[in-house]
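Novice: Encoded as structure tokens, here's the structure I'll be asking about.
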Amino acid sequence: MSNRLNVAPNDLSAFWMPFTANRQFKQAPRMLVAAKDMHYTASDGRKVLDGTAGLWCVNAGHCRPKITEAIQRQAAELDYAPAFQMGHPFAFELANRLVDIAPEGMDHVFFTNSGSESVETALKIALAYHRVRGDGSRTRLIGRERGYHGVNFGGISVGGIVTNRKMFGTLLGGVDHLPHTHLPAKNAFSRGVPEHGAELADELERIVALHDASTIAAVIVEPMAGSTGVLIPPKGYLQRLRDICTKHGILLIFDEVITGFGRLGTPFAADYFGVTPDIITTAKGVTNGVIPMGAVFVKKEIHDAFMTGPEHLIEFFHGYTYSGNPIASAAGIATLDTYKEEGLLTRGAELAPYFEEALHSLKDARHVIDIRNIGLVGAIELQPLEGQPTKRAFTAFLKAFEKGVLIRTTGDIIALSPPLIVEKEHIDQIVGCIRDVLKEID
Ligand SMILES: Cc1ncc(COP(=O)(O)O)c(C=O)c1O
């Protein structure tokens with residue numbers, strides 16, 4: 001490993017980096033060259049504590065031996081097999097293992113390669129489901145303001161983050177949005193699930209009254225909105241959404257790309273809130289972030305609605321070259337083994353109270369206007385610099401990295417989501433670092 005340190009590529013210009021301030025980065029690159037458990041190693045040899053599980057994905061921590069070995073073995077044994085009209089055992093085994101930990105009734109899995117693809121897949125399943133049942137007028141999709149559902153056209157259409165939408169034309173037609181659930185005037189500094197705002201779910205009734213239920217296929221929400229800055233649903237909100245969807249025959253999709261696989265201290269957010277949707281989208285933690293893979297869970301009734309007609313015909317015209325790829329499947333199985341052996345799908349619940357206390361100790365730190373937490377997710381919202389939104393949090397991110405802690409920021413919100421193997425001393429280090437950074441920055 002050591003011979004890889006300090007080796008910087010000669011030229012950084014060819015790689016157009018995703019969701020990155022490219023010019024800023026390339027002037028002062030932040031390169032990671034190795035990782036183990038809770039830490040990255042930066043190209044200058046420094047250890048950097050991972051406060052974000054990569055991008056909310058490395059739930060079991062980095063370079064876990066079982067996962068590494070499974071990938072190595074699989075690459076040498078069966079590197080690729082077509083997923084269309086052919087199979088290999090690992091994808092089936094992984095699907096079964098996933099169904100075993102999924103909420104009751106989620107009996108089938110469709111494999112993708114990312115969260116964005118899981119979202120597109122879920123939206124297409126919802127539309128096609130109504131059509132195969134002879135209810136093809138249900139074509140509208142309802143998302144939510146400030147929602148993040150990846151970057152493909154379906155996802156940005158139902159999503160509600162303006163910067164992700166405004167450059168890309170008219171997007172999908174027939175989409176409407178629920179209001180977001182962020183009510184700082186009432187819920188600021190809530191610990192866990194906030195008290196106020198369940199009635200915001202009733203906005204779905206207004207949308208139904210406007211368009212008529214017979215035109216609406218599905219509602220998609222993140223049970224906890226992560227990428228927009230950790231917006232935790234108010235008490236009772238998701239149950240109301242569920243009830244209204246059920247009443248009107250609308251499918252409810254939970255986008256659990258972040259919340260799936262133990263992030264809230266339960267296997268899925270659906271378990272945490274006790275609300276079961278009709279479809280769940282996942283990715284990231286399904287392979288511990290190591291190999292691209294996503295999985296869409298669907299209820300039996302939805303899957304079975306497609307299983308009609310002549311048996312030699314394809315039931316659902318959708319899929320990816322890499323759906324259920326052997327190496328990704330092997331990584332997924334080893335990931336689930338690791339989660340199980342170490343109790344990681346529920347470990348967050350044990351640590352959540354400590355994490356909450358630590359985060360809320362920053363209440364009186366400079367610039368802080370709100371703190372939110374749930375499971376092993378936290379957000380510290382900063383007062384934006386006058387006329388320069390996002391700059392204060394971005395400076396905090398740069399400073400924290402210098403001090404050896406990786407945090408993530410969106411807008412002026414610092415978001416934390418450490419690997420689920422995090423220990424109390426790591427939490428103390430992350431929070432201590434943020435406290436120091438806030439003292440130093442304007
Ligand atoms: C809720 C949610 N949906 C979808 C996505 C997109 O996932 P990907 O970047 O793997 O396409 C993300 C990514 O953060 C997400 O948080």
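For the structure tokens, the naming scheme is as follows: chains receive sequential letters (A, B, ...) according to their order of presentation, residues are indexed from 1 within each chain, and ligands are indexed from 1 in presentation order.
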Just the alpha helix (DSSP H) stuff from range 182-377 of chain A, please, per backbone DSSP, written as an NGL selection string.
Specialist: :A and (184-187 or 203-211 or 237-248 or 269-273 or 300-306 or 326-341 or 344-360)
Novice: What residues of the protein or nucleic acid chains come within 9 Å of ligand 1 when you use only C-alpha atoms and all ligand atoms? Reply as an MDAnalysis selection string.
Specialist: chainID A and resid 55:57 113:119 147:152 155 221:228 254:259 281:284 292:294
Novice: Could you state the separation of CA of Ile380 in chain A and CA of Leu359 in chain A in Å, given to one decimal place?
Specialist: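 Between CA of Ile380 in chain A and CA of Leu359 in chain A the gap works out to 7.9 Å.
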Novice: Would you give me, as CSV, each residue of range 300-361 of chain A having an atom within 12 Å of an atom of range 95-111 of chain A, along with its shortest atom pair and that distance in Å to one decimal, using only C-alpha atoms and sorting by chain and residue number?
Specialist:
residue,atom,partner,partner_atom,distance
A:Lys300,CA,A:Asp107,CA,5.4
A:Glu301,CA,A:Gly105,CA,8.9
A:Ile302,CA,A:His108,CA,9.2
A:His303,CA,A:His108,CA,7.0
A:Asp304,CA,A:His108,CA,9.6
A:Phe316,CA,A:Phe110,CA,10.8
A:His318,CA,A:Phe110,CA,9.8
A:Gly319,CA,A:Phe111,CA,8.0
A:Tyr320,CA,A:Phe111,CA,8.2
A:Thr321,CA,A:Phe111,CA,10.4
A:Tyr322,CA,A:Phe111,CA,8.4
A:Ser323,CA,A:Phe111,CA,4.9
A:Gly324,CA,A:Phe111,CA,5.4
A:Asn325,CA,A:Phe111,CA,8.7
A:Pro326,CA,A:Phe111,CA,11.5
A:Ala328,CA,A:Phe111,CA,10.1
A:Ser329,CA,A:Ala95,CA,8.8
A:Ala330,CA,A:Ala95,CA,11.3
A:Gly332,CA,A:Leu98,CA,9.0
A:Ile333,CA,A:Arg97,CA,7.5
A:Ala334,CA,A:Arg97,CA,10.7
A:Thr335,CA,A:Arg97,CA,10.7
A:Leu336,CA,A:Arg97,CA,7.7
A:Asp337,CA,A:Arg97,CA,9.5
A:Tyr339,CA,A:Ile101,CA,10.9
A:Lys340,CA,A:Ile101,CA,10.1
A:Leu345,CA,A:Ile101,CA,9.5
A:Thr346,CA,A:Ile101,CA,11.6
Novice: Let me see the file: selected residues, C-alpha atoms, as a PDB file, in the first residue's frame.
Specialist:
ATOM      1  CA  LYS A 300     -45.842 -10.110  -3.848  1.00  0.00           C
ATOM      2  CA  GLU A 301     -49.123  -8.758  -5.275  1.00  0.00           C
ATOM      3  CA  ILE A 302     -47.232  -6.344  -7.499  1.00  0.00           C
ATOM      4  CA  HIS A 303     -44.833  -8.980  -8.795  1.00  0.00           C
ATOM      5  CA  ASP A 304     -47.623 -11.499  -9.290  1.00  0.00           C
ATOM      6  CA  PHE A 316     -41.496  -6.779 -17.775  1.00  0.00           C
ATOM      7  CA  HIS A 318     -36.784  -3.632 -18.228  1.00  0.00           C
ATOM      8  CA  GLY A 319     -33.324  -4.580 -16.959  1.00  0.00           C
ATOM      9  CA  TYR A 320     -29.636  -3.725 -17.056  1.00  0.00           C
ATOM     10  CA  THR A 321     -26.634  -5.557 -18.490  1.00  0.00           C
ATOM     11  CA  TYR A 322     -25.301  -5.707 -14.938  1.00  0.00           C
ATOM     12  CA  SER A 323     -28.531  -6.557 -13.072  1.00  0.00           C
ATOM     13  CA  GLY A 324     -27.475  -9.160 -10.499  1.00  0.00           C
ATOM     14  CA  ASN A 325     -23.864  -9.190 -11.737  1.00  0.00           C
ATOM     15  CA  PRO A 326     -22.016 -12.192 -10.190  1.00  0.00           C
ATOM     16  CA  ALA A 328     -21.815  -7.659  -7.095  1.00  0.00           C
ATOM     17  CA  SER A 329     -24.008 -10.540  -5.939  1.00  0.00           C
ATOM     18  CA  ALA A 330     -21.061 -12.186  -4.158  1.00  0.00           C
ATOM     19  CA  GLY A 332     -23.881  -8.500  -1.473  1.00  0.00           C
ATOM     20  CA  ILE A 333     -23.970 -11.944   0.136  1.00  0.00           C
ATOM     21  CA  ALA A 334     -20.713 -11.308   2.009  1.00  0.00           C
ATOM     22  CA  THR A 335     -22.028  -7.898   3.071  1.00  0.00           C
ATOM     23  CA  LEU A 336     -25.194  -9.427   4.527  1.00  0.00           C
ATOM     24  CA  ASP A 337     -23.039 -12.030   6.317  1.00  0.00           C
ATOM     25  CA  TYR A 339     -23.999  -7.264   8.891  1.00  0.00           C
ATOM     26  CA  LYS A 340     -25.446 -10.374  10.511  1.00  0.00           C
ATOM     27  CA  LEU A 345     -28.496  -3.758  11.064  1.00  0.00           C
ATOM     28  CA  THR A 346     -29.575  -2.895  14.594  1.00  0.00           C
TER      29      THR A 346
END
Novice: For a test of reading the model, state the distance in Å between CA of Leu123 in chain A and CA of Thr181 in chain A, rounded to one decimal.
Specialist: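 CA of Thr181 in chain A lies 22.2 Å from CA of Leu123 in chain A.
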Novice: What are the closest atom pairs, with distances in Å to one decimal, for all residues of range 67-173 of chain A lying within 10 Å of range 241-252 of chain A? Consider only C-alpha atoms, order rows by chain and residue number, and present the result as CSV.
Specialist:
residue,atom,partner,partner_atom,distance
A:Leu123,CA,A:Leu251,CA,9.9
A:Ala126,CA,A:Leu251,CA,6.9
A:Leu127,CA,A:Leu251,CA,9.6
A:Tyr129,CA,A:Leu251,CA,9.6
A:His130,CA,A:Leu251,CA,9.3
A:Arg138,CA,A:Ile250,CA,8.6
A:Arg140,CA,A:Ile250,CA,9.9
A:Leu141,CA,A:Ile250,CA,9.6
A:Ile142,CA,A:Leu252,CA,9.6
Novice: Atoms to include: C-alpha atoms. Write the selected residues as a compact mmCIF listing (two decimals), in the first residue's frame.
Specialist:
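Output saved as selection.txt:
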# COMPACT_ATOMS: atom_id res chain seq x y z
CA LEU A 123 -41.33 4.20 -11.08
CA ALA A 126 -45.49 1.26 -10.59
CA LEU A 127 -46.69 2.51 -13.98
CA TYR A 129 -48.30 -2.55 -12.59
CA HIS A 130 -51.38 -0.40 -13.01
CA ARG A 138 -52.91 5.82 -13.49
CA ARG A 140 -49.13 10.41 -12.60
CA LEU A 141 -46.21 10.26 -10.20
CA ILE A 142 -46.08 12.28 -7.00
Novice: I want to know what sits within 8 Å of range 406-413 of chain A, based on only C-alpha atoms, with residues of the same chain fewer than 6 positions away left out; could you give that as a compact mmCIF listing (two decimals) with C-alpha atoms, in the first residue's frame?
Specialist:
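In the end it all went to selection_33.txt:
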# COMPACT_ATOMS: atom_id res chain seq x y z
CA VAL A 48 -8.99 10.60 8.06
CA LEU A 49 -11.92 9.44 10.18
CA ASP A 50 -14.90 8.64 7.98
CA GLY A 51 -17.88 10.52 9.40
CA THR A 52 -20.05 9.81 6.36
CA SER A 227 -29.30 14.34 0.66
CA THR A 228 -31.33 17.51 1.08
CA GLY A 229 -29.91 17.87 4.58
CA ALA A 379 -27.39 17.18 10.71
CA ILE A 380 -25.99 20.46 11.95
CA GLU A 381 -27.47 23.38 10.09
CA LEU A 382 -25.42 26.57 9.92
CA GLN A 383 -26.54 30.13 9.40
CA PRO A 384 -25.55 30.85 5.78
CA PRO A 389 -25.14 30.36 0.60
CA THR A 390 -23.26 27.02 0.99
CA LYS A 391 -19.86 28.73 1.50
CA ARG A 392 -19.75 28.50 5.28
CA ALA A 393 -20.53 24.78 5.34
CA PHE A 394 -18.11 24.09 2.49
CA PHE A 397 -15.91 20.62 5.28
CA ALA A 400 -12.59 19.27 9.02
Novice: Need the shell around Leu172 in chain A: protein/DNA/RNA residues with any atom at most 10 Å away, counting only C-alpha atoms. Skip same-chain ones fewer than 3 positions apart. Format as a list in words?
Specialist: Arg140, Leu141, Phe153, Gly154, Gly155, Ile156, Ser157, Val158, Gly169 and Val175 of chain A
